[in-house]
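Okay, run_26.pdb now, which holds PDB, C-alpha atoms:
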ATOM      1  CA  MET A   1     125.396 109.625  95.914
ATOM      2  CA  SER A   2     128.111 109.611  98.558
ATOM      3  CA  GLN A   3     131.639 109.978  97.298
ATOM      4  CA  ASN A   4     133.662 106.836  97.865
ATOM      5  CA  PRO A   5     137.377 107.031  97.067
ATOM      6  CA  ALA A   6     137.037 103.719  95.250
ATOM      7  CA  HIS A   7     134.542 105.278  92.804
ATOM      8  CA  ARG A   8     135.465 107.198  89.706
ATOM      9  CA  PHE A   9     133.573 109.948  87.904
ATOM     10  CA  VAL A  10     132.450 109.113  84.362
ATOM     11  CA  GLU A  11     132.977 112.162  82.154
ATOM     12  CA  GLY A  12     129.904 113.250  80.218
ATOM     13  CA  ARG A  13     127.502 111.025  82.161
ATOM     14  CA  GLY A  14     127.608 112.893  85.448
ATOM     15  CA  ASP A  15     127.548 109.788  87.595
ATOM     16  CA  VAL A  16     129.963 107.968  89.825
ATOM     17  CA  VAL A  17     130.717 104.298  89.294
ATOM     18  CA  PRO A  18     132.666 101.674  91.230
ATOM     19  CA  PRO A  19     136.062 100.486  90.082
ATOM     20  CA  THR A  20     136.192  97.953  87.289
ATOM     21  CA  ASP A  21     138.717  95.346  86.301
ATOM     22  CA  ASP A  22     140.621  95.489  83.003
ATOM     23  CA  GLU A  23     137.796  93.863  81.057
ATOM     24  CA  GLY A  24     135.271  96.553  81.981
ATOM     25  CA  THR A  25     133.177  94.309  84.218
ATOM     26  CA  MET A  26     132.220  95.145  87.752
ATOM     27  CA  ASN A  27     134.855  94.280  90.345
ATOM     28  CA  SER A  28     133.853  90.999  92.023
ATOM     29  CA  GLU A  29     134.460  92.546  95.429
ATOM     30  CA  VAL A  30     132.017  95.385  94.786
ATOM     31  CA  ASP A  31     128.304  94.731  95.114
ATOM     32  CA  TYR A  32     125.507  96.927  93.877
ATOM     33  CA  THR A  33     124.996  98.608  97.258
ATOM     34  CA  ILE A  34     128.217 100.525  96.719
ATOM     35  CA  TYR A  35     127.364 101.447  93.139
ATOM     36  CA  TRP A  36     123.930 102.819  94.037
ATOM     37  CA  GLY A  37     125.052 104.316  97.371
ATOM     38  CA  PHE A  38     122.819 102.085  99.527
ATOM     39  CA  GLN A  39     123.336 101.412 103.233
ATOM     40  CA  ALA A  40     121.852  97.904 102.866
ATOM     41  CA  LEU A  41     120.320  95.606 100.267
ATOM     42  CA  PRO A  42     116.802  97.052  99.957
ATOM     43  CA  PHE A  43     115.251  94.041  98.259
ATOM     44  CA  ALA A  44     116.730  91.039 100.071
ATOM     45  CA  ASN A  45     114.149  88.302 100.517
ATOM     46  CA  VAL A  46     114.587  87.881 104.247
ATOM     47  CA  PRO A  47     112.218  89.165 106.921
ATOM     48  CA  ASP A  48     113.702  92.369 108.297
ATOM     49  CA  PRO A  49     111.486  94.843 110.160
ATOM     50  CA  ARG A  50     113.712  97.740 109.002
ATOM     51  CA  PHE A  51     112.167  97.311 105.580
ATOM     52  CA  TYR A  52     108.536  97.067 106.631
ATOM     53  CA  GLY A  53     106.315  99.377 104.639
ATOM     54  CA  PRO A  54     102.839 100.274 105.833
ATOM     55  CA  CYS A  55     100.239  98.160 104.090
ATOM     56  CA  SER A  56      96.571  98.189 105.025
ATOM     57  CA  GLN A  57      96.052  94.450 104.748
ATOM     58  CA  HIS A  58      99.222  93.610 106.695
ATOM     59  CA  ASP A  59      98.333  96.154 109.368
ATOM     60  CA  ALA A  60      94.806  94.742 109.662
ATOM     61  CA  ALA A  61      96.146  91.180 109.910
ATOM     62  CA  HIS A  62      98.655  92.290 112.547
ATOM     63  CA  ARG A  63      95.945  93.981 114.626
ATOM     64  CA  TRP A  64      93.647  90.983 114.339
ATOM     65  CA  LEU A  65      96.340  88.465 115.265
ATOM     66  CA  SER A  66      97.652  90.669 118.081
ATOM     67  CA  TYR A  67      94.139  90.832 119.490
ATOM     68  CA  GLY A  68      93.975  87.047 119.538
ATOM     69  CA  ILE A  69      97.330  86.770 121.270
ATOM     70  CA  GLN A  70      96.780  89.569 123.799
ATOM     71  CA  THR A  71      93.359  88.329 124.834
ATOM     72  CA  ARG A  72      94.586  84.730 124.960
ATOM     73  CA  LYS A  73      91.536  83.617 123.059
ATOM     74  CA  GLY A  74      93.392  80.797 121.379
ATOM     75  CA  MET A  75      95.795  80.191 118.545
ATOM     76  CA  PRO A  76      95.958  82.731 115.689
ATOM     77  CA  LEU A  77      96.090  81.555 112.086
ATOM     78  CA  LEU A  78      97.588  83.580 109.229
ATOM     79  CA  THR A  79      97.346  82.418 105.643
ATOM     80  CA  GLY A  80      98.326  84.048 102.401
ATOM     81  CA  ASP A  81      99.488  83.315  98.930
ATOM     82  CA  ILE A  82     103.079  82.274  98.508
ATOM     83  CA  TRP A  83     105.512  85.194  98.958
ATOM     84  CA  CYS A  84     102.880  87.725 100.074
ATOM     85  CA  GLY A  85     104.678  88.876 103.231
ATOM     86  CA  LYS A  86     103.638  86.438 105.938
ATOM     87  CA  ALA A  87     107.207  86.125 107.236
ATOM     88  CA  LEU A  88     107.115  89.572 108.890
ATOM     89  CA  LEU A  89     104.193  88.297 110.994
ATOM     90  CA  SER A  90     105.764  84.885 111.497
ATOM     91  CA  ARG A  91     105.452  84.410 115.247
ATOM     92  CA  ARG A  92     102.138  82.722 114.593
ATOM     93  CA  LEU A  93     100.665  79.703 112.859
ATOM     94  CA  ILE A  94     101.198  80.655 109.221
ATOM     95  CA  GLY A  95     100.848  79.030 105.848
ATOM     96  CA  GLN A  96      99.530  79.214 102.351
ATOM     97  CA  PRO A  97      95.753  79.195 101.735
ATOM     98  CA  GLU A  98      95.683  75.399 101.746
ATOM     99  CA  LEU A  99      96.543  75.465 105.457
ATOM    100  CA  ARG A 100      93.150  76.947 106.266
ATOM    101  CA  HIS A 101      91.452  74.019 104.501
ATOM    102  CA  ARG A 102      93.656  71.456 106.240
ATOM    103  CA  VAL A 103      93.003  73.012 109.634
ATOM    104  CA  ALA A 104      89.272  72.955 108.922
ATOM    105  CA  GLY A 105      89.553  69.188 108.484
ATOM    106  CA  VAL A 106      90.866  68.735 112.030
ATOM    107  CA  PRO A 107      88.072  69.722 114.453
ATOM    108  CA  GLN A 108      90.321  69.541 117.514
ATOM    109  CA  LEU A 109      92.683  72.080 115.953
ATOM    110  CA  THR A 110      89.887  74.251 114.572
ATOM    111  CA  ARG A 111      88.514  74.721 118.099
ATOM    112  CA  GLN A 112      91.925  76.036 119.231
ATOM    113  CA  ILE A 113      92.094  78.774 116.606
ATOM    114  CA  ALA A 114      90.567  82.013 117.838
ATOM    115  CA  VAL A 115      91.383  84.453 115.038
ATOM    116  CA  CYS A 116      92.209  84.060 111.370
ATOM    117  CA  ALA A 117      93.694  86.498 108.885
ATOM    118  CA  HIS A 118      94.553  86.171 105.215
ATOM    119  CA  LEU A 119      96.972  88.211 103.078
ATOM    120  CA  ASP A 120      96.636  88.793  99.357
ATOM    121  CA  SER A 121      99.096  90.230  96.846
ATOM    122  CA  LEU A 122      99.879  93.920  97.223
ATOM    123  CA  THR A 123      97.672  96.444  95.450
ATOM    124  CA  ALA A 124      99.348  99.084  93.307
ATOM    125  CA  GLU A 125      99.002 101.612  96.159
ATOM    126  CA  GLU A 126     100.404  99.168  98.728
ATOM    127  CA  LYS A 127     103.270  98.366  96.363
ATOM    128  CA  ALA A 128     104.199 102.046  96.189
ATOM    129  CA  SER A 129     104.292 102.301  99.986
ATOM    130  CA  TYR A 130     106.249  99.036 100.188
ATOM    131  CA  ILE A 131     108.891 100.263  97.725
ATOM    132  CA  THR A 132     109.157 103.686  99.375
ATOM    133  CA  ALA A 133     109.748 102.084 102.779
ATOM    134  CA  ARG A 134     112.338  99.605 101.505
ATOM    135  CA  MET A 135     114.255 102.198  99.527
ATOM    136  CA  GLY A 136     114.001 104.699 102.386
ATOM    137  CA  ALA A 137     115.617 102.199 104.762
ATOM    138  CA  ALA A 138     118.538 101.714 102.361
ATOM    139  CA  THR A 139     119.160 105.135 100.810
ATOM    140  CA  HIS A 140     118.101 108.744 100.564
ATOM    141  CA  ARG A 141     117.833 108.404  96.767
ATOM    142  CA  THR A 142     114.378 108.451  95.216
ATOM    143  CA  ASP A 143     115.423 108.407  91.560
ATOM    144  CA  VAL A 144     116.879 104.911  91.136
ATOM    145  CA  PHE A 145     113.830 103.450  89.358
ATOM    146  CA  THR A 146     111.728 105.345  86.825
ATOM    147  CA  LYS A 147     107.942 105.286  87.243
ATOM    148  CA  GLU A 148     107.725 103.248  84.057
ATOM    149  CA  ALA A 149     110.151 100.686  85.496
ATOM    150  CA  GLY A 150     108.007 100.444  88.623
ATOM    151  CA  ALA A 151     104.900  99.798  86.528
ATOM    152  CA  VAL A 152     106.594  96.990  84.583
ATOM    153  CA  ILE A 153     107.899  95.434  87.808
ATOM    154  CA  TYR A 154     104.420  95.513  89.356
ATOM    155  CA  GLU A 155     102.933  93.920  86.236
ATOM    156  CA  GLN A 156     105.578  91.183  86.045
ATOM    157  CA  SER A 157     105.471  90.433  89.789
ATOM    158  CA  GLN A 158     101.659  90.500  90.035
ATOM    159  CA  GLY A 159     102.057  92.445  93.281
ATOM    160  CA  ILE A 160     103.798  89.584  95.096
ATOM    161  CA  GLY A 161     106.348  91.060  97.496
ATOM    162  CA  ARG A 162     109.007  88.413  97.107
ATOM    163  CA  LEU A 163     108.830  88.623  93.315
ATOM    164  CA  ILE A 164     109.011  92.426  93.495
ATOM    165  CA  ASN A 165     112.133  92.057  95.646
ATOM    166  CA  ALA A 166     113.749  89.518  93.337
ATOM    167  CA  LEU A 167     113.144  91.531  90.177
ATOM    168  CA  ARG A 168     114.194  94.858  91.703
ATOM    169  CA  GLY A 169     117.343  93.274  93.145
ATOM    170  CA  GLN A 170     118.242  91.750  89.784
ATOM    171  CA  CYS A 171     117.634  95.093  88.044
ATOM    172  CA  LEU A 172     119.881  96.885  90.532
ATOM    173  CA  PHE A 173     122.615  94.312  89.975
ATOM    174  CA  VAL A 174     122.403  94.493  86.176
ATOM    175  CA  GLY A 175     122.190  98.285  86.327
ATOM    176  CA  ALA A 176     125.396  98.404  88.349
ATOM    177  CA  ILE A 177     127.185  96.037  85.987
ATOM    178  CA  GLU A 178     126.082  98.099  82.986
ATOM    179  CA  HIS A 179     126.854 101.394  84.759
ATOM    180  CA  VAL A 180     123.423 102.916  84.187
ATOM    181  CA  SER A 181     122.384 105.959  86.181
ATOM    182  CA  GLN A 182     118.748 104.865  86.521
ATOM    183  CA  ILE A 183     116.699 101.686  86.119
ATOM    184  CA  ASP A 184     114.178 102.169  83.315
ATOM    185  CA  ASP A 185     111.424  99.982  81.865
ATOM    186  CA  ARG A 186     113.657  98.651  79.078
ATOM    187  CA  LEU A 187     116.178  97.294  81.575
ATOM    188  CA  VAL A 188     113.349  95.729  83.630
ATOM    189  CA  GLN A 189     111.924  94.034  80.549
ATOM    190  CA  ARG A 190     115.339  92.627  79.649
ATOM    191  CA  VAL A 191     115.947  91.322  83.169
ATOM    192  CA  GLY A 192     112.408  90.090  83.822
TER     193      GLY A 192
END
Translate this structure into structure tokens?
Amino acid sequence: MSQNPAHRFVEGRGDVVPPTDDEGTMNSEVDYTIYWGFQALPFANVPDPRFYGPCSQHDAAHRWLSYGIQTRKGMPLLTGDIWCGKALLSRRLIGQPELRHRVAGVPQLTRQIAVCAHLDSLTAEEKASYITARMGAATHRTDVFTKEAGAVIYEQSQGIGRLINALRGQCLFVGAIEHVSQIDDRLVQRVG
């Protein structure tokens, strides 16, 4: 972790923590990025290409939709479950699975759609790549979450990217407040 003059070393724990107020709570002006040594919030729920992690189904959808756009075959359609990562591919007609059914009910619109793609929740392998990419864009640290914590987060989020982000962000915040050196499965279970 980078040394920040505002941090102090905690004797016996071997870690550096941000300043606290007199009551022992985290300073309101310090967010968890400083505590964990991050350059940015790795799990913000906003589309940001810096945090894109390779994912086979997203890559396939991107190729398929790009083909439709580049060949000017017609309008591309992207559907996927809520919070599955459609926003990174959002320069297209996008929506939840119900959109596909609604479009099918409008023949004039159906004839305009040249290519369709659908995104599902992340698999365990895709989740690992997703987390590695997001953390890699924010920090050089690879030890913030234990493997057990990652497994609990995947189970609780059901592989849905936005839920992964929300739970990991909350764990990082609580971990900073409690001055832990690593997020473990017990902390995840408490937060989740």
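Closest approach to A:Leu77 from the set A:Ile113, A:Ile34, A:Ala124, A:Ala60 is made by A:Ile113, with distances taken over all atoms listed in the file.
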Could you list, with a cut-off of 7 Å and counting only C-alpha atoms, the residues of stretch 102-155 of chain A near stretch 50-59 of chain A, each shown with its nearest atom pair and the distance in Å rounded to one decimal, rows sorted by chain and ascending number, as a tab-separated table?
residue	atom	partner	partner_atom	distance
A:Leu119	CA	A:Gln57	CA	6.5
A:Glu126	CA	A:Cys55	CA	5.5
A:Ser129	CA	A:Gly53	CA	5.9
A:Tyr130	CA	A:Gly53	CA	4.5
A:Ala133	CA	A:Gly53	CA	4.8
A:Arg134	CA	A:Phe51	CA	4.7
A:Ala137	CA	A:Phe51	CA	6.0
Quote the spacing between atom CA of A:Lys86 and atom CA of A:Pro107 in Å to one decimal place.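 Calculated distance between atom CA of A:Lys86 and atom CA of A:Pro107 is 24.4 Å.
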With the PyMOL selection byres ((chain A and resi 183) around 9) as the selection, what would be picked from this file? Answer as a ChimeraX atom specification, please. /A:143-146,149,171-172,175,180-182,184-188
Kindly save the residues from that selection, with C-alpha atoms included, as an mmCIF file, keeping the file's coordinate frame.
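Writing done, so here's part-v5.cif:
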data_model
loop_
_atom_site.group_PDB
_atom_site.id
_atom_site.type_symbol
_atom_site.label_atom_id
_atom_site.label_comp_id
_atom_site.auth_asym_id
_atom_site.auth_seq_id
_atom_site.Cartn_x
_atom_site.Cartn_y
_atom_site.Cartn_z
ATOM 1 C CA ASP A 143 115.423 108.407 91.560
ATOM 2 C CA VAL A 144 116.879 104.911 91.136
ATOM 3 C CA PHE A 145 113.830 103.450 89.358
ATOM 4 C CA THR A 146 111.728 105.345 86.825
ATOM 5 C CA ALA A 149 110.151 100.686 85.496
ATOM 6 C CA CYS A 171 117.634 95.093 88.044
ATOM 7 C CA LEU A 172 119.881 96.885 90.532
ATOM 8 C CA GLY A 175 122.190 98.285 86.327
ATOM 9 C CA VAL A 180 123.423 102.916 84.187
ATOM 10 C CA SER A 181 122.384 105.959 86.181
ATOM 11 C CA GLN A 182 118.748 104.865 86.521
ATOM 12 C CA ASP A 184 114.178 102.169 83.315
ATOM 13 C CA ASP A 185 111.424 99.982 81.865
ATOM 14 C CA ARG A 186 113.657 98.651 79.078
ATOM 15 C CA LEU A 187 116.178 97.294 81.575
ATOM 16 C CA VAL A 188 113.349 95.729 83.630
#
Considering only C-alpha atoms, can you say which of A:Ala87, A:Ile82, A:Leu65, A:Ala176 comes closest to A:Asp120? A:Ile82
Just say which residues the PyMOL selection byres ((chain A and resi 140) around 12) picks in this file, as a list in words.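 Taken over the shown coordinates, the PyMOL selection byres ((chain A and resi 140) around 12) returns Met1, Ser2, Trp36, Gly37, Phe38, Gln39, Ala40, Pro42, Thr132, Ala133, Arg134, Met135, Gly136, Ala137, Ala138, Thr139, Arg141, Thr142, Asp143 and Val144 of chain A.
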Residues selected by the PyMOL selection byres ((chain A and resi 94) around 9), written as a PyMOL selection string: chain A and resi 76-80+86-87+89-93+95-96+99
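Near stretch 163-169 of chain A, within a cut-off of 9 Å and counting all atoms listed in the file, sit the residues Tyr32, Leu41, Pro42, Phe43, Ala44, Asn45, Trp83, Lys127, Ile131, Phe145, Gly150, Ile153, Tyr154, Gln156, Ser157, Gln158, Gly159, Ile160, Gly161, Cys171, Leu172, Phe173, Val174, Val188, Val191 and Gly192 of chain A, with same-chain residues fewer than 2 positions away left out.
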For the residues in the current selection, export C-alpha atoms as a PDB file, in the frame of the given file.
ATOM      1  CA  TYR A  32     125.507  96.927  93.877  1.00  0.00           C
ATOM      2  CA  LEU A  41     120.320  95.606 100.267  1.00  0.00           C
ATOM      3  CA  PRO A  42     116.802  97.052  99.957  1.00  0.00           C
ATOM      4  CA  PHE A  43     115.251  94.041  98.259  1.00  0.00           C
ATOM      5  CA  ALA A  44     116.730  91.039 100.071  1.00  0.00           C
ATOM      6  CA  ASN A  45     114.149  88.302 100.517  1.00  0.00           C
ATOM      7  CA  TRP A  83     105.512  85.194  98.958  1.00  0.00           C
ATOM      8  CA  LYS A 127     103.270  98.366  96.363  1.00  0.00           C
ATOM      9  CA  ILE A 131     108.891 100.263  97.725  1.00  0.00           C
ATOM     10  CA  PHE A 145     113.830 103.450  89.358  1.00  0.00           C
ATOM     11  CA  GLY A 150     108.007 100.444  88.623  1.00  0.00           C
ATOM     12  CA  ILE A 153     107.899  95.434  87.808  1.00  0.00           C
ATOM     13  CA  TYR A 154     104.420  95.513  89.356  1.00  0.00           C
ATOM     14  CA  GLN A 156     105.578  91.183  86.045  1.00  0.00           C
ATOM     15  CA  SER A 157     105.471  90.433  89.789  1.00  0.00           C
ATOM     16  CA  GLN A 158     101.659  90.500  90.035  1.00  0.00           C
ATOM     17  CA  GLY A 159     102.057  92.445  93.281  1.00  0.00           C
ATOM     18  CA  ILE A 160     103.798  89.584  95.096  1.00  0.00           C
ATOM     19  CA  GLY A 161     106.348  91.060  97.496  1.00  0.00           C
ATOM     20  CA  CYS A 171     117.634  95.093  88.044  1.00  0.00           C
ATOM     21  CA  LEU A 172     119.881  96.885  90.532  1.00  0.00           C
ATOM     22  CA  PHE A 173     122.615  94.312  89.975  1.00  0.00           C
ATOM     23  CA  VAL A 174     122.403  94.493  86.176  1.00  0.00           C
ATOM     24  CA  VAL A 188     113.349  95.729  83.630  1.00  0.00           C
ATOM     25  CA  VAL A 191     115.947  91.322  83.169  1.00  0.00           C
ATOM     26  CA  GLY A 192     112.408  90.090  83.822  1.00  0.00           C
TER      27      GLY A 192
END
Box dimensions and centre (Å, one decimal) enclosing stretch 41-52 of chain A, axis-aligned, 8 Å extra per side, as AutoDock Vina command-line options:
--center_x 114.4 --center_y 92.8 --center_z 104.2 --size_x 27.8 --size_y 25.9 --size_z 27.9
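Distance-wise, atom CA of A:Gln112 and atom CA of A:Glu98 end up 17.9 Å apart.
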When you draw a straight line from atom CA of A:Trp64 to atom CA of A:Cys116, how long is it in Å?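 A separation of 7.7 Å between them.
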Fix up stretch 67-89 of chain A with N, CA, C and O atoms, then write it as a JSON list (two decimals), in the frame of the given file.
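Done, and the output landed in rebuild.json:
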[["chain", "number", "residue", "atom", "x", "y", "z"],
["A", 67, "TYR", "N", 95.32, 90.92, 118.62],
["A", 67, "TYR", "CA", 94.14, 90.83, 119.49],
["A", 67, "TYR", "C", 93.98, 89.41, 120.02],
["A", 67, "TYR", "O", 93.78, 89.19, 121.21],
["A", 68, "GLY", "N", 94.10, 88.45, 119.12],
["A", 68, "GLY", "CA", 93.98, 87.05, 119.54],
["A", 68, "GLY", "C", 95.03, 86.64, 120.55],
["A", 68, "GLY", "O", 94.75, 85.92, 121.51],
["A", 69, "ILE", "N", 96.23, 87.11, 120.35],
["A", 69, "ILE", "CA", 97.33, 86.77, 121.27],
["A", 69, "ILE", "C", 97.15, 87.49, 122.60],
["A", 69, "ILE", "O", 97.26, 86.88, 123.67],
["A", 70, "GLN", "N", 96.88, 88.78, 122.57],
["A", 70, "GLN", "CA", 96.78, 89.57, 123.80],
["A", 70, "GLN", "C", 95.61, 89.16, 124.67],
["A", 70, "GLN", "O", 95.69, 89.21, 125.90],
["A", 71, "THR", "N", 94.53, 88.73, 124.05],
["A", 71, "THR", "CA", 93.36, 88.33, 124.83],
["A", 71, "THR", "C", 93.39, 86.85, 125.19],
["A", 71, "THR", "O", 92.49, 86.37, 125.87],
["A", 72, "ARG", "N", 94.40, 86.16, 124.69],
["A", 72, "ARG", "CA", 94.59, 84.73, 124.96],
["A", 72, "ARG", "C", 93.33, 83.92, 124.62],
["A", 72, "ARG", "O", 92.94, 83.03, 125.34],
["A", 73, "LYS", "N", 92.75, 84.29, 123.52],
["A", 73, "LYS", "CA", 91.54, 83.62, 123.06],
["A", 73, "LYS", "C", 91.83, 82.25, 122.48],
["A", 73, "LYS", "O", 90.97, 81.40, 122.40],
["A", 74, "GLY", "N", 93.03, 82.05, 122.02],
["A", 74, "GLY", "CA", 93.39, 80.80, 121.38],
["A", 74, "GLY", "C", 94.49, 81.06, 120.37],
["A", 74, "GLY", "O", 95.11, 82.12, 120.36],
["A", 75, "MET", "N", 94.71, 80.11, 119.52],
["A", 75, "MET", "CA", 95.80, 80.19, 118.54],
["A", 75, "MET", "C", 95.38, 81.05, 117.35],
["A", 75, "MET", "O", 94.29, 80.89, 116.81],
["A", 76, "PRO", "N", 96.25, 81.97, 116.91],
["A", 76, "PRO", "CA", 95.96, 82.73, 115.69],
["A", 76, "PRO", "C", 96.42, 81.98, 114.45],
["A", 76, "PRO", "O", 97.38, 81.21, 114.51],
["A", 77, "LEU", "N", 95.74, 82.18, 113.36],
["A", 77, "LEU", "CA", 96.09, 81.56, 112.09],
["A", 77, "LEU", "C", 96.23, 82.64, 111.03],
["A", 77, "LEU", "O", 95.34, 83.47, 110.88],
["A", 78, "LEU", "N", 97.34, 82.63, 110.32],
["A", 78, "LEU", "CA", 97.59, 83.58, 109.23],
["A", 78, "LEU", "C", 97.86, 82.78, 107.96],
["A", 78, "LEU", "O", 98.75, 81.93, 107.95],
["A", 79, "THR", "N", 97.10, 83.06, 106.94],
["A", 79, "THR", "CA", 97.35, 82.42, 105.64],
["A", 79, "THR", "C", 97.54, 83.51, 104.60],
["A", 79, "THR", "O", 97.18, 84.66, 104.80],
["A", 80, "GLY", "N", 98.11, 83.12, 103.51],
["A", 80, "GLY", "CA", 98.33, 84.05, 102.40],
["A", 80, "GLY", "C", 99.00, 83.33, 101.26],
["A", 80, "GLY", "O", 99.62, 82.28, 101.46],
["A", 81, "ASP", "N", 98.84, 83.89, 100.10],
["A", 81, "ASP", "CA", 99.49, 83.32, 98.93],
["A", 81, "ASP", "C", 100.99, 83.28, 99.14],
["A", 81, "ASP", "O", 101.54, 84.02, 99.95],
["A", 82, "ILE", "N", 101.64, 82.41, 98.39],
["A", 82, "ILE", "CA", 103.08, 82.27, 98.51],
["A", 82, "ILE", "C", 103.73, 83.63, 98.26],
["A", 82, "ILE", "O", 103.33, 84.37, 97.36],
["A", 83, "TRP", "N", 104.70, 83.98, 99.10],
["A", 83, "TRP", "CA", 105.51, 85.19, 98.96],
["A", 83, "TRP", "C", 104.73, 86.49, 99.12],
["A", 83, "TRP", "O", 105.07, 87.50, 98.53],
["A", 84, "CYS", "N", 103.67, 86.49, 99.93],
["A", 84, "CYS", "CA", 102.88, 87.72, 100.07],
["A", 84, "CYS", "C", 103.25, 88.52, 101.31],
["A", 84, "CYS", "O", 102.64, 89.55, 101.58],
["A", 85, "GLY", "N", 104.24, 88.08, 102.09],
["A", 85, "GLY", "CA", 104.68, 88.88, 103.23],
["A", 85, "GLY", "C", 104.31, 88.31, 104.58],
["A", 85, "GLY", "O", 104.30, 89.04, 105.57],
["A", 86, "LYS", "N", 104.01, 87.05, 104.65],
["A", 86, "LYS", "CA", 103.64, 86.44, 105.94],
["A", 86, "LYS", "C", 104.81, 86.38, 106.90],
["A", 86, "LYS", "O", 104.62, 86.43, 108.11],
["A", 87, "ALA", "N", 106.03, 86.33, 106.38],
["A", 87, "ALA", "CA", 107.21, 86.12, 107.24],
["A", 87, "ALA", "C", 107.40, 87.25, 108.25],
["A", 87, "ALA", "O", 107.89, 87.01, 109.35],
["A", 88, "LEU", "N", 106.97, 88.48, 107.92],
["A", 88, "LEU", "CA", 107.12, 89.57, 108.89],
["A", 88, "LEU", "C", 106.17, 89.39, 110.08],
["A", 88, "LEU", "O", 106.36, 90.00, 111.12],
["A", 89, "LEU", "N", 105.14, 88.56, 109.91],
["A", 89, "LEU", "CA", 104.19, 88.30, 110.99],
["A", 89, "LEU", "C", 104.34, 86.85, 111.45],
["A", 89, "LEU", "O", 103.38, 86.22, 111.84]]
